[in-house]
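Novice: I'm passing along work22.txt; it holds compact mmCIF, C-alpha atoms and all ligand atoms.
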```
# COMPACT_ATOMS: atom_id res chain seq x y z
CA MET A 1 0.03 -21.54 29.73
CA ARG A 2 -1.20 -20.15 26.44
CA ASN A 3 -4.33 -22.33 26.55
CA LYS A 4 -5.06 -21.14 30.05
CA LEU A 5 -4.56 -17.57 28.97
CA GLN A 6 -6.85 -17.97 26.01
CA MET A 7 -9.44 -19.60 28.25
CA ALA A 8 -9.16 -16.63 30.57
CA PHE A 9 -9.66 -14.27 27.64
CA ALA A 10 -12.60 -16.27 26.39
CA LEU A 11 -14.20 -16.17 29.81
CA SER A 12 -13.42 -12.54 30.48
CA GLY A 13 -16.34 -11.26 28.46
CA LEU A 14 -18.07 -11.05 25.15
CA PHE A 15 -16.34 -7.83 24.19
CA PHE A 16 -12.87 -9.25 24.40
CA VAL A 17 -11.32 -10.83 21.34
CA ALA A 18 -8.35 -13.05 22.18
CA PRO A 19 -5.30 -11.76 20.32
CA VAL A 20 -3.63 -14.04 17.82
CA HIS A 21 0.09 -14.17 18.48
CA ALA A 22 2.73 -13.48 15.85
CA GLY A 23 4.20 -16.64 14.47
CA ASP A 24 1.22 -18.67 15.65
CA ASN A 25 -0.85 -17.91 12.69
CA ILE A 26 0.29 -15.06 10.47
CA GLU A 27 -1.44 -16.79 7.60
CA GLY A 28 -4.72 -16.61 9.50
CA LEU A 29 -4.16 -12.90 10.15
CA ALA A 30 -3.30 -12.34 6.49
CA ARG A 31 -6.59 -13.91 5.48
CA THR A 32 -8.44 -11.13 7.30
CA CYS A 33 -6.97 -8.73 4.73
CA TYR A 34 -8.30 -10.64 1.71
CA GLY A 35 -11.85 -9.30 2.03
CA CYS A 36 -10.56 -5.88 1.00
CA HIS A 37 -7.17 -6.51 -0.63
CA GLY A 38 -8.19 -9.61 -2.60
CA THR A 39 -7.25 -13.25 -2.20
CA ASN A 40 -3.52 -13.50 -1.53
CA GLY A 41 -3.27 -9.70 -1.60
CA VAL A 42 -4.11 -9.25 -5.29
CA SER A 43 -6.87 -6.68 -5.39
CA VAL A 44 -9.93 -6.77 -7.63
CA GLY A 45 -11.22 -3.32 -6.63
CA GLN A 46 -10.15 -0.15 -8.40
CA SER A 47 -9.44 1.99 -5.37
CA MET A 48 -8.04 -0.91 -3.35
CA PRO A 49 -4.31 -1.56 -3.68
CA SER A 50 -2.73 -4.95 -4.29
CA ILE A 51 -0.29 -5.57 -1.45
CA ALA A 52 1.25 -8.94 -2.39
CA GLY A 53 4.84 -8.61 -3.55
CA LEU A 54 5.53 -5.10 -2.25
CA SER A 55 8.79 -5.05 -0.27
CA ALA A 56 8.65 -6.04 3.38
CA ASP A 57 10.36 -2.78 4.34
CA TYR A 58 7.78 -0.66 2.57
CA LEU A 59 4.82 -2.64 3.93
CA LYS A 60 6.16 -2.47 7.45
CA THR A 61 6.97 1.25 7.25
CA VAL A 62 3.49 2.16 6.05
CA MET A 63 1.72 0.04 8.67
CA MET A 64 3.91 1.33 11.50
CA GLU A 65 3.29 4.92 10.36
CA TRP A 66 -0.45 4.30 10.56
CA LYS A 67 -0.08 2.73 13.96
CA SER A 68 1.93 5.66 15.34
CA GLY A 69 -0.44 8.17 13.79
CA ALA A 70 2.31 9.77 11.68
CA ARG A 71 0.40 8.85 8.53
CA ALA A 72 -3.34 9.25 8.09
CA SER A 73 -5.73 6.67 6.69
CA ALA A 74 -9.50 6.57 6.88
CA ASN A 75 -9.45 2.81 6.45
CA MET A 76 -6.27 1.35 7.89
CA THR A 77 -5.43 3.26 11.10
CA ARG A 78 -7.94 1.63 13.38
CA LEU A 79 -7.46 -1.79 11.89
CA ILE A 80 -3.67 -1.72 12.19
CA SER A 81 -3.72 -0.31 15.73
CA GLY A 82 -5.12 -3.67 16.79
CA TYR A 83 -1.91 -5.50 15.87
CA THR A 84 1.34 -5.81 17.79
CA ASP A 85 4.59 -4.65 16.16
CA GLU A 86 5.55 -8.33 15.76
CA GLU A 87 2.31 -9.11 13.97
CA ILE A 88 2.83 -6.14 11.67
CA ALA A 89 6.37 -7.30 10.85
CA GLY A 90 5.01 -10.82 10.29
CA LEU A 91 2.30 -9.58 7.95
CA ALA A 92 4.85 -7.47 6.02
CA THR A 93 7.12 -10.49 5.54
CA TYR A 94 4.18 -12.70 4.61
CA PHE A 95 2.87 -10.42 1.85
CA ALA A 96 6.37 -9.56 0.58
CA LYS A 97 7.01 -13.24 -0.14
CA LEU A 98 3.97 -13.50 -2.41
CA PRO A 99 4.53 -12.55 -6.06
CA TRP A 100 3.81 -9.03 -7.34
CA THR A 101 0.88 -9.56 -9.71
CA PRO A 102 0.24 -6.57 -12.00
CA VAL A 103 -3.38 -6.05 -13.00
CA VAL A 104 -2.82 -4.54 -16.44
CA GLN A 105 -5.48 -1.94 -17.21
CA LYS A 106 -6.19 -0.68 -20.71
CA ALA A 107 -5.26 2.87 -21.65
CA SER A 108 -5.39 4.70 -24.99
CA LYS A 109 -2.23 5.46 -26.98
CA ASP A 110 -2.73 9.10 -26.22
CA ILE A 111 -2.84 8.51 -22.44
CA LEU A 112 0.20 6.25 -22.63
CA ALA A 113 2.21 8.86 -24.55
CA LYS A 114 1.17 11.70 -22.25
CA GLY A 115 1.68 9.52 -19.19
CA LYS A 116 5.20 8.63 -20.26
CA GLU A 117 6.05 12.30 -20.58
CA ALA A 118 4.42 13.22 -17.27
CA THR A 119 6.35 10.52 -15.41
CA GLU A 120 9.87 11.20 -16.66
CA ARG A 121 10.81 12.67 -13.31
CA CYS A 122 9.55 9.58 -11.52
CA GLU A 123 11.82 7.19 -13.39
CA SER A 124 14.92 7.61 -11.21
CA CYS A 125 13.12 6.07 -8.24
CA HIS A 126 10.27 3.99 -9.69
CA GLY A 127 11.82 2.85 -13.02
CA ALA A 128 10.41 3.83 -16.43
CA THR A 129 7.24 1.76 -16.02
CA GLY A 130 6.99 1.76 -12.23
CA GLY A 131 8.20 -1.81 -12.01
CA GLU A 132 11.82 -1.23 -11.03
CA PRO A 133 11.95 0.59 -7.72
CA ASP A 134 15.45 1.79 -6.84
CA ASP A 135 15.22 0.79 -3.20
CA LYS A 136 13.16 -1.17 -0.68
CA ASP A 137 11.24 1.90 0.49
CA THR A 138 9.70 2.39 -2.93
CA PRO A 139 6.52 0.52 -3.94
CA MET A 140 5.78 -1.13 -7.28
CA LEU A 141 3.43 0.95 -9.45
CA ASN A 142 3.16 -1.16 -12.62
CA GLY A 143 -0.23 -2.82 -12.80
CA GLN A 144 -1.31 -1.29 -9.49
CA TRP A 145 -4.88 0.02 -9.72
CA ALA A 146 -4.80 3.42 -11.44
CA LYS A 147 -7.67 4.80 -9.38
CA TYR A 148 -5.77 3.93 -6.20
CA LEU A 149 -2.54 5.53 -7.50
CA GLU A 150 -4.46 8.68 -8.34
CA LEU A 151 -5.99 8.86 -4.85
CA GLU A 152 -2.57 8.39 -3.23
CA LEU A 153 -1.01 11.12 -5.38
CA MET A 154 -3.79 13.44 -4.23
CA LYS A 155 -2.92 12.63 -0.60
CA TYR A 156 0.77 13.42 -1.10
CA ARG A 157 -0.28 16.73 -2.67
CA ASP A 158 -2.80 17.68 0.00
CA GLU A 159 -1.14 19.80 2.68
CA GLY A 160 -3.88 18.95 5.13
CA PHE A 161 -3.39 15.20 4.76
CA GLN A 162 -0.72 13.60 6.88
CA MET A 163 1.82 11.75 4.76
CA VAL A 164 5.44 11.16 5.70
CA HIS A 165 7.83 10.66 2.81
CA LYS A 166 9.29 14.10 2.03
CA LYS A 167 10.71 13.36 -1.43
CA MET A 168 7.51 11.72 -2.64
CA ILE A 169 5.47 14.61 -1.25
CA LYS A 170 7.70 17.06 -3.11
CA ASN A 171 7.47 15.11 -6.35
CA ALA A 172 3.70 14.80 -6.21
CA ARG A 173 3.31 18.53 -5.54
CA LYS A 174 5.47 19.42 -8.53
CA MET A 175 3.07 17.64 -10.89
CA GLU A 176 0.52 19.51 -13.00
CA ALA A 177 -2.96 18.67 -11.66
CA GLY A 178 -4.02 17.41 -15.07
CA ASP A 179 -1.12 14.94 -15.16
CA ILE A 180 -2.23 13.07 -12.02
CA PRO A 181 -4.85 10.78 -13.60
CA THR A 182 -2.70 10.40 -16.73
CA ALA A 183 0.35 9.30 -14.76
CA ALA A 184 -1.79 6.93 -12.70
CA GLN A 185 -3.30 5.34 -15.81
CA TYR A 186 0.13 5.07 -17.43
CA PHE A 187 1.49 3.04 -14.52
CA GLY A 188 -1.70 0.99 -14.22
CA ALA A 189 -1.33 -0.10 -17.85
CA GLN A 190 2.20 -1.51 -17.44
CA SER A 191 2.74 -5.25 -17.20
CA LYS A 192 6.28 -4.96 -15.85
C1 LIG A 201 -11.91 -2.74 5.34
C2 LIG A 201 -11.02 -2.90 4.21
C3 LIG A 201 -9.55 -3.20 4.51
C4 LIG A 201 -9.03 -4.26 5.22
C5 LIG A 201 -9.76 -5.37 5.96
C6 LIG A 201 -7.59 -4.14 5.11
N1 LIG A 201 -7.26 -3.04 4.36
FE1 LIG A 201 -5.39 -2.42 3.91
N2 LIG A 201 -6.15 -0.84 2.85
C7 LIG A 201 -7.49 -0.56 2.69
C8 LIG A 201 -7.63 0.64 1.86
C9 LIG A 201 -8.94 1.29 1.45
C10 LIG A 201 -6.32 1.06 1.54
C11 LIG A 201 -5.92 2.28 0.69
C12 LIG A 201 -5.24 3.30 1.52
C13 LIG A 201 -6.11 4.02 2.48
O1 LIG A 201 -7.34 4.09 2.28
O2 LIG A 201 -5.55 4.54 3.44
C14 LIG A 201 -5.41 0.10 2.17
C15 LIG A 201 -4.04 0.17 2.07
C16 LIG A 201 -3.16 -0.77 2.58
C17 LIG A 201 -1.72 -0.75 2.38
C18 LIG A 201 -0.92 0.28 1.57
C19 LIG A 201 -0.60 -0.30 0.21
C20 LIG A 201 0.29 0.59 -0.60
O3 LIG A 201 0.50 0.30 -1.80
O4 LIG A 201 0.79 1.58 -0.09
C21 LIG A 201 -1.21 -1.79 3.10
C22 LIG A 201 0.24 -2.16 3.24
C23 LIG A 201 -2.33 -2.50 3.71
N3 LIG A 201 -3.50 -1.84 3.37
C24 LIG A 201 -2.20 -3.64 4.47
C25 LIG A 201 -3.28 -4.36 5.00
C26 LIG A 201 -3.13 -5.57 5.76
C27 LIG A 201 -1.82 -6.26 6.07
C28 LIG A 201 -4.41 -5.96 6.13
C29 LIG A 201 -4.84 -7.13 6.98
C30 LIG A 201 -4.24 -7.18 8.30
C31 LIG A 201 -5.34 -4.97 5.56
N4 LIG A 201 -4.62 -4.02 4.89
C32 LIG A 201 -6.70 -5.01 5.70
C33 LIG A 201 -8.54 -1.29 3.20
C34 LIG A 201 -8.44 -2.45 3.98
C1 LIG A 202 13.06 10.35 -4.87
C2 LIG A 202 12.41 9.13 -5.29
C3 LIG A 202 11.01 9.23 -5.86
C4 LIG A 202 10.58 9.98 -6.96
C5 LIG A 202 11.41 10.90 -7.84
C6 LIG A 202 9.19 9.66 -7.11
N1 LIG A 202 8.77 8.78 -6.16
FE1 LIG A 202 6.89 8.04 -5.94
N2 LIG A 202 7.46 7.10 -4.24
C7 LIG A 202 8.74 7.07 -3.73
C8 LIG A 202 8.73 6.44 -2.42
C9 LIG A 202 9.92 6.20 -1.52
C10 LIG A 202 7.37 6.09 -2.17
C11 LIG A 202 6.79 5.52 -0.87
C12 LIG A 202 6.51 6.74 -0.01
C13 LIG A 202 5.86 6.49 1.31
O1 LIG A 202 6.38 5.69 2.11
O2 LIG A 202 4.81 7.12 1.56
C14 LIG A 202 6.62 6.51 -3.34
C15 LIG A 202 5.24 6.32 -3.48
C16 LIG A 202 4.53 6.62 -4.62
C17 LIG A 202 3.13 6.33 -4.81
C18 LIG A 202 2.19 5.59 -3.85
C19 LIG A 202 2.11 4.13 -4.23
C20 LIG A 202 1.38 3.28 -3.24
O3 LIG A 202 1.39 2.06 -3.42
O4 LIG A 202 0.80 3.81 -2.30
C21 LIG A 202 2.78 6.82 -6.05
C22 LIG A 202 1.42 6.75 -6.71
C23 LIG A 202 3.97 7.42 -6.61
N3 LIG A 202 5.03 7.28 -5.73
C24 LIG A 202 4.03 8.05 -7.84
C25 LIG A 202 5.10 8.82 -8.26
C26 LIG A 202 5.07 9.69 -9.43
C27 LIG A 202 3.88 9.84 -10.37
C28 LIG A 202 6.28 10.30 -9.48
C29 LIG A 202 6.78 11.32 -10.49
C30 LIG A 202 5.95 12.50 -10.70
C31 LIG A 202 7.07 9.83 -8.36
N4 LIG A 202 6.33 8.93 -7.65
C32 LIG A 202 8.38 10.22 -8.09
C33 LIG A 202 9.86 7.60 -4.32
C34 LIG A 202 9.86 8.48 -5.38
```
Could you quickly redo this structure as C-alpha cells?

Specialist:
Amino acid sequence: MRNKLQMAFALSGLFFVAPVHAGDNIEGLARTCYGCHGTNGVSVGQSMPSIAGLSADYLKTVMMEWKSGARASANMTRLISGYTDEEIAGLATYFAKLPWTPVVQKASKDILAKGKEATERCESCHGATGGEPDDKDTPMLNGQWAKYLELELMKYRDEGFQMVHKKMIKNARKMEAGDIPTAAQYFGAQSK
C-alpha cells in the first residue's frame, strides 16, 4: 500500500515531494537539520543554536508553537509547517536522546563577573551556570552560542515579536539592556 502510495505521489507531478512518515525514518529527517544546526545537532555557527540534548518537551513545545503560529520565527516556521505532529514529536525525541554538548566560548574575567551578577535572578530556573534547568520546559544555556542567546533574549524583550512563555518574557524585560550580551556571554562560557 505504502509503495503504491509513494508511486502515486512520485507520478503526481514534479512539484510534489512525497512525505516521509514518522517512525519510517526520523533519522533521515533529522539529517535535514544538520546543514544549519550542525552534525548531530551540535552547532558550529554563532547565531545557530545547538539542539542535541535539549529536553524532548522543550523541543516539541517550541516546534509546535512555530507550527501553530503562536511563536514567530523567520527561519523555522515554514520549515516546521511541513512536518506532521508525529514527525515533530519524533524529531524532539530523537534530538533529546543525543548528548548536550556545550561549546565553551572564551570570555574575560570582567565579563564573567558581571555576567554572574546579571544572571542571579535566572538561577532559580536555569541553575547558576545555565546547565541545571529546574524543569523539562527550560532549555540548557551553558555552552550554547552566546550570540544566539543574545538574539533570543532580544526577542523575549521585543513587544512586537511573538513569543509565548510569560515568565521568560517577564524576566528578559526586567534586564538592563547592557546586561543582555554580558549574560549571554556568561552562559556561553560555561562548560556545565
Ligand atoms: C535553514 C536553516 C535551518 C534548518 C534547515 C533548520 N533550522 Fe532549526 N533553527 C534555525 C535558526 C536560525 C534557529 C534560531 C531561531 C530562529 O531563528 O527562529 C533555529 C532554531 C531551532 C530550535 C530552537 C532551539 C532552542 O534552543 O530554542 C529548534 C528546536 C530547531 N531549530 C529545530 C530544528 C529541527 C528539528 C530541524 C530539522 C527538521 C531544523 N531546526 C532545521 C535554522 C534552521
Ligand atoms: C521562571 C523561570 C525562569 C527564569 C527566572 C528565567 N528563565 Fe530563561 N527560560 C525559562 C524557560 C521556561 C524558557 C523556555 C521558554 C520558551 O519556551 O520560550 C527559557 C528560555 C530562555 C532562553 C532561550 C534559550 C533558547 O535556547 O532559546 C534564554 C536565553 C534565557 N531563558 C535566559 C534567561 C536569563 C538571562 C534569565 C535571567 C535574567 C532567565 N532566563 C530567567 C525559564 C526561566

Novice: Counting only C-alpha atoms and all ligand atoms, which residues of chain A sit at most 8 Å from some atom of ligand LIG 201 (chain A), and what is each one's closest atom pair with its distance in Å to one decimal, listed by chain and rising residue number, as a tab-separated table?

Specialist:
```
residue	atom	partner	partner_atom	distance
A:Leu29	CA	A:LIG201	C30	6.0
A:Ala30	CA	A:LIG201	C29	5.5
A:Arg31	CA	A:LIG201	C29	7.2
A:Thr32	CA	A:LIG201	C29	5.4
A:Cys33	CA	A:LIG201	C29	3.5
A:Tyr34	CA	A:LIG201	C5	6.9
A:Gly35	CA	A:LIG201	C5	5.9
A:Cys36	CA	A:LIG201	C2	4.4
A:His37	CA	A:LIG201	N1	6.1
A:Ser47	CA	A:LIG201	C9	6.9
A:Met48	CA	A:LIG201	C9	5.4
A:Pro49	CA	A:LIG201	O3	5.5
A:Ser50	CA	A:LIG201	O3	6.6
A:Ile51	CA	A:LIG201	C19	5.5
A:Leu54	CA	A:LIG201	O3	7.4
A:Tyr58	CA	A:LIG201	C22	7.7
A:Leu59	CA	A:LIG201	C22	4.7
A:Lys60	CA	A:LIG201	C22	7.3
A:Val62	CA	A:LIG201	C22	6.1
A:Met63	CA	A:LIG201	C22	6.0
A:Ala72	CA	A:LIG201	O2	7.0
A:Ser73	CA	A:LIG201	O2	3.9
A:Ala74	CA	A:LIG201	O2	5.6
A:Asn75	CA	A:LIG201	O1	4.8
A:Met76	CA	A:LIG201	N2	5.5
A:Thr77	CA	A:LIG201	O2	7.8
A:Leu79	CA	A:LIG201	C32	7.0
A:Ile80	CA	A:LIG201	C30	6.7
A:Ile88	CA	A:LIG201	C27	7.3
A:Leu91	CA	A:LIG201	C27	5.6
A:Ala92	CA	A:LIG201	C27	6.8
A:Phe95	CA	A:LIG201	C27	7.6
A:Pro139	CA	A:LIG201	O3	6.4
A:Met140	CA	A:LIG201	O3	7.7
A:Tyr148	CA	A:LIG201	C11	7.1
A:Glu152	CA	A:LIG201	C12	7.5
```

Novice: What do you get as a VMD selection string if you pick all residues at most 9 Å from ligand LIG 202 (chain A), counting only C-alpha atoms and all ligand atoms?

Specialist: chain A and resid 49 to 51 54 58 to 59 61 to 62 65 71 118 to 126 130 133 to 141 144 146 148 to 154 156 163 to 175 179 to 180 183 to 184 187

Novice: Within 6 Å of Ser191 in chain A, counting all atoms listed in the file, which residues qualify if same-chain residues fewer than 4 places away don't, as a ChimeraX atom specification?

Specialist: /A:102,104,143

Novice: Pick from A:Thr39, A:Ala56, A:Ala113, A:Gln190: nearest to Gly127 in chain A, with only C-alpha atoms counted?

Specialist: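 The answer is A:Gln190, which sits nearest to Gly127 in chain A.
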
Novice: Measuring between only C-alpha atoms, which one of A:Phe161, A:Trp100, A:Tyr94, A:Trp145 shows the shortest distance to Gln185 in chain A?

Specialist: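 Of A:Phe161, A:Trp100, A:Tyr94, A:Trp145, the one nearest Gln185 in chain A, counting only C-alpha atoms, is A:Trp145.
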
Novice: Provide range 171-189 of chain A rebuilt to N, CA and C atoms, formatted as a PDB file, in the coordinates of the input.

Specialist:
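Once written, out-v6.pdb looks like this:
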```
ATOM      1  N   ASN A 171       7.688  15.507  -4.951  1.00  0.00           N
ATOM      2  CA  ASN A 171       7.470  15.110  -6.350  1.00  0.00           C
ATOM      3  C   ASN A 171       6.008  15.185  -6.754  1.00  0.00           C
ATOM      4  N   ALA A 172       5.129  14.765  -5.893  1.00  0.00           N
ATOM      5  CA  ALA A 172       3.700  14.800  -6.210  1.00  0.00           C
ATOM      6  C   ALA A 172       3.228  16.250  -6.346  1.00  0.00           C
ATOM      7  N   ARG A 173       3.753  17.130  -5.506  1.00  0.00           N
ATOM      8  CA  ARG A 173       3.310  18.530  -5.540  1.00  0.00           C
ATOM      9  C   ARG A 173       3.835  19.276  -6.754  1.00  0.00           C
ATOM     10  N   LYS A 174       4.933  18.782  -7.339  1.00  0.00           N
ATOM     11  CA  LYS A 174       5.470  19.420  -8.530  1.00  0.00           C
ATOM     12  C   LYS A 174       4.662  19.082  -9.780  1.00  0.00           C
ATOM     13  N   MET A 175       3.811  18.066  -9.695  1.00  0.00           N
ATOM     14  CA  MET A 175       3.070  17.640 -10.890  1.00  0.00           C
ATOM     15  C   MET A 175       1.972  18.642 -11.246  1.00  0.00           C
ATOM     16  N   GLU A 176       1.688  18.746 -12.545  1.00  0.00           N
ATOM     17  CA  GLU A 176       0.520  19.510 -13.000  1.00  0.00           C
ATOM     18  C   GLU A 176      -0.711  18.711 -12.585  1.00  0.00           C
ATOM     19  N   ALA A 177      -1.754  19.395 -12.112  1.00  0.00           N
ATOM     20  CA  ALA A 177      -2.960  18.670 -11.660  1.00  0.00           C
ATOM     21  C   ALA A 177      -3.492  17.730 -12.730  1.00  0.00           C
ATOM     22  N   GLY A 178      -3.475  18.212 -13.982  1.00  0.00           N
ATOM     23  CA  GLY A 178      -4.020  17.410 -15.070  1.00  0.00           C
ATOM     24  C   GLY A 178      -3.224  16.139 -15.364  1.00  0.00           C
ATOM     25  N   ASP A 179      -1.970  16.114 -14.907  1.00  0.00           N
ATOM     26  CA  ASP A 179      -1.120  14.940 -15.160  1.00  0.00           C
ATOM     27  C   ASP A 179      -1.352  13.811 -14.159  1.00  0.00           C
ATOM     28  N   ILE A 180      -2.071  14.084 -13.083  1.00  0.00           N
ATOM     29  CA  ILE A 180      -2.230  13.070 -12.020  1.00  0.00           C
ATOM     30  C   ILE A 180      -2.955  11.825 -12.545  1.00  0.00           C
ATOM     31  N   PRO A 181      -4.171  11.985 -13.100  1.00  0.00           N
ATOM     32  CA  PRO A 181      -4.850  10.780 -13.600  1.00  0.00           C
ATOM     33  C   PRO A 181      -4.089  10.124 -14.762  1.00  0.00           C
ATOM     34  N   THR A 182      -3.449  10.944 -15.580  1.00  0.00           N
ATOM     35  CA  THR A 182      -2.700  10.400 -16.730  1.00  0.00           C
ATOM     36  C   THR A 182      -1.541   9.536 -16.253  1.00  0.00           C
ATOM     37  N   ALA A 183      -0.785  10.057 -15.297  1.00  0.00           N
ATOM     38  CA  ALA A 183       0.350   9.300 -14.760  1.00  0.00           C
ATOM     39  C   ALA A 183      -0.138   8.005 -14.107  1.00  0.00           C
ATOM     40  N   ALA A 184      -1.247   8.112 -13.383  1.00  0.00           N
ATOM     41  CA  ALA A 184      -1.790   6.930 -12.700  1.00  0.00           C
ATOM     42  C   ALA A 184      -2.205   5.866 -13.717  1.00  0.00           C
ATOM     43  N   GLN A 185      -2.863   6.307 -14.786  1.00  0.00           N
ATOM     44  CA  GLN A 185      -3.300   5.340 -15.810  1.00  0.00           C
ATOM     45  C   GLN A 185      -2.110   4.743 -16.554  1.00  0.00           C
ATOM     46  N   TYR A 186      -1.087   5.564 -16.759  1.00  0.00           N
ATOM     47  CA  TYR A 186       0.130   5.070 -17.430  1.00  0.00           C
ATOM     48  C   TYR A 186       0.738   3.910 -16.626  1.00  0.00           C
ATOM     49  N   PHE A 187       0.900   4.104 -15.332  1.00  0.00           N
ATOM     50  CA  PHE A 187       1.490   3.040 -14.520  1.00  0.00           C
ATOM     51  C   PHE A 187       0.552   1.827 -14.436  1.00  0.00           C
ATOM     52  N   GLY A 188      -0.749   2.092 -14.318  1.00  0.00           N
ATOM     53  CA  GLY A 188      -1.700   0.990 -14.220  1.00  0.00           C
ATOM     54  C   GLY A 188      -1.711   0.098 -15.456  1.00  0.00           C
ATOM     55  N   ALA A 189      -1.282   0.654 -16.588  1.00  0.00           N
ATOM     56  CA  ALA A 189      -1.330  -0.100 -17.850  1.00  0.00           C
ATOM     57  C   ALA A 189      -0.066  -0.929 -18.093  1.00  0.00           C
TER      58      ALA A 189
END
```
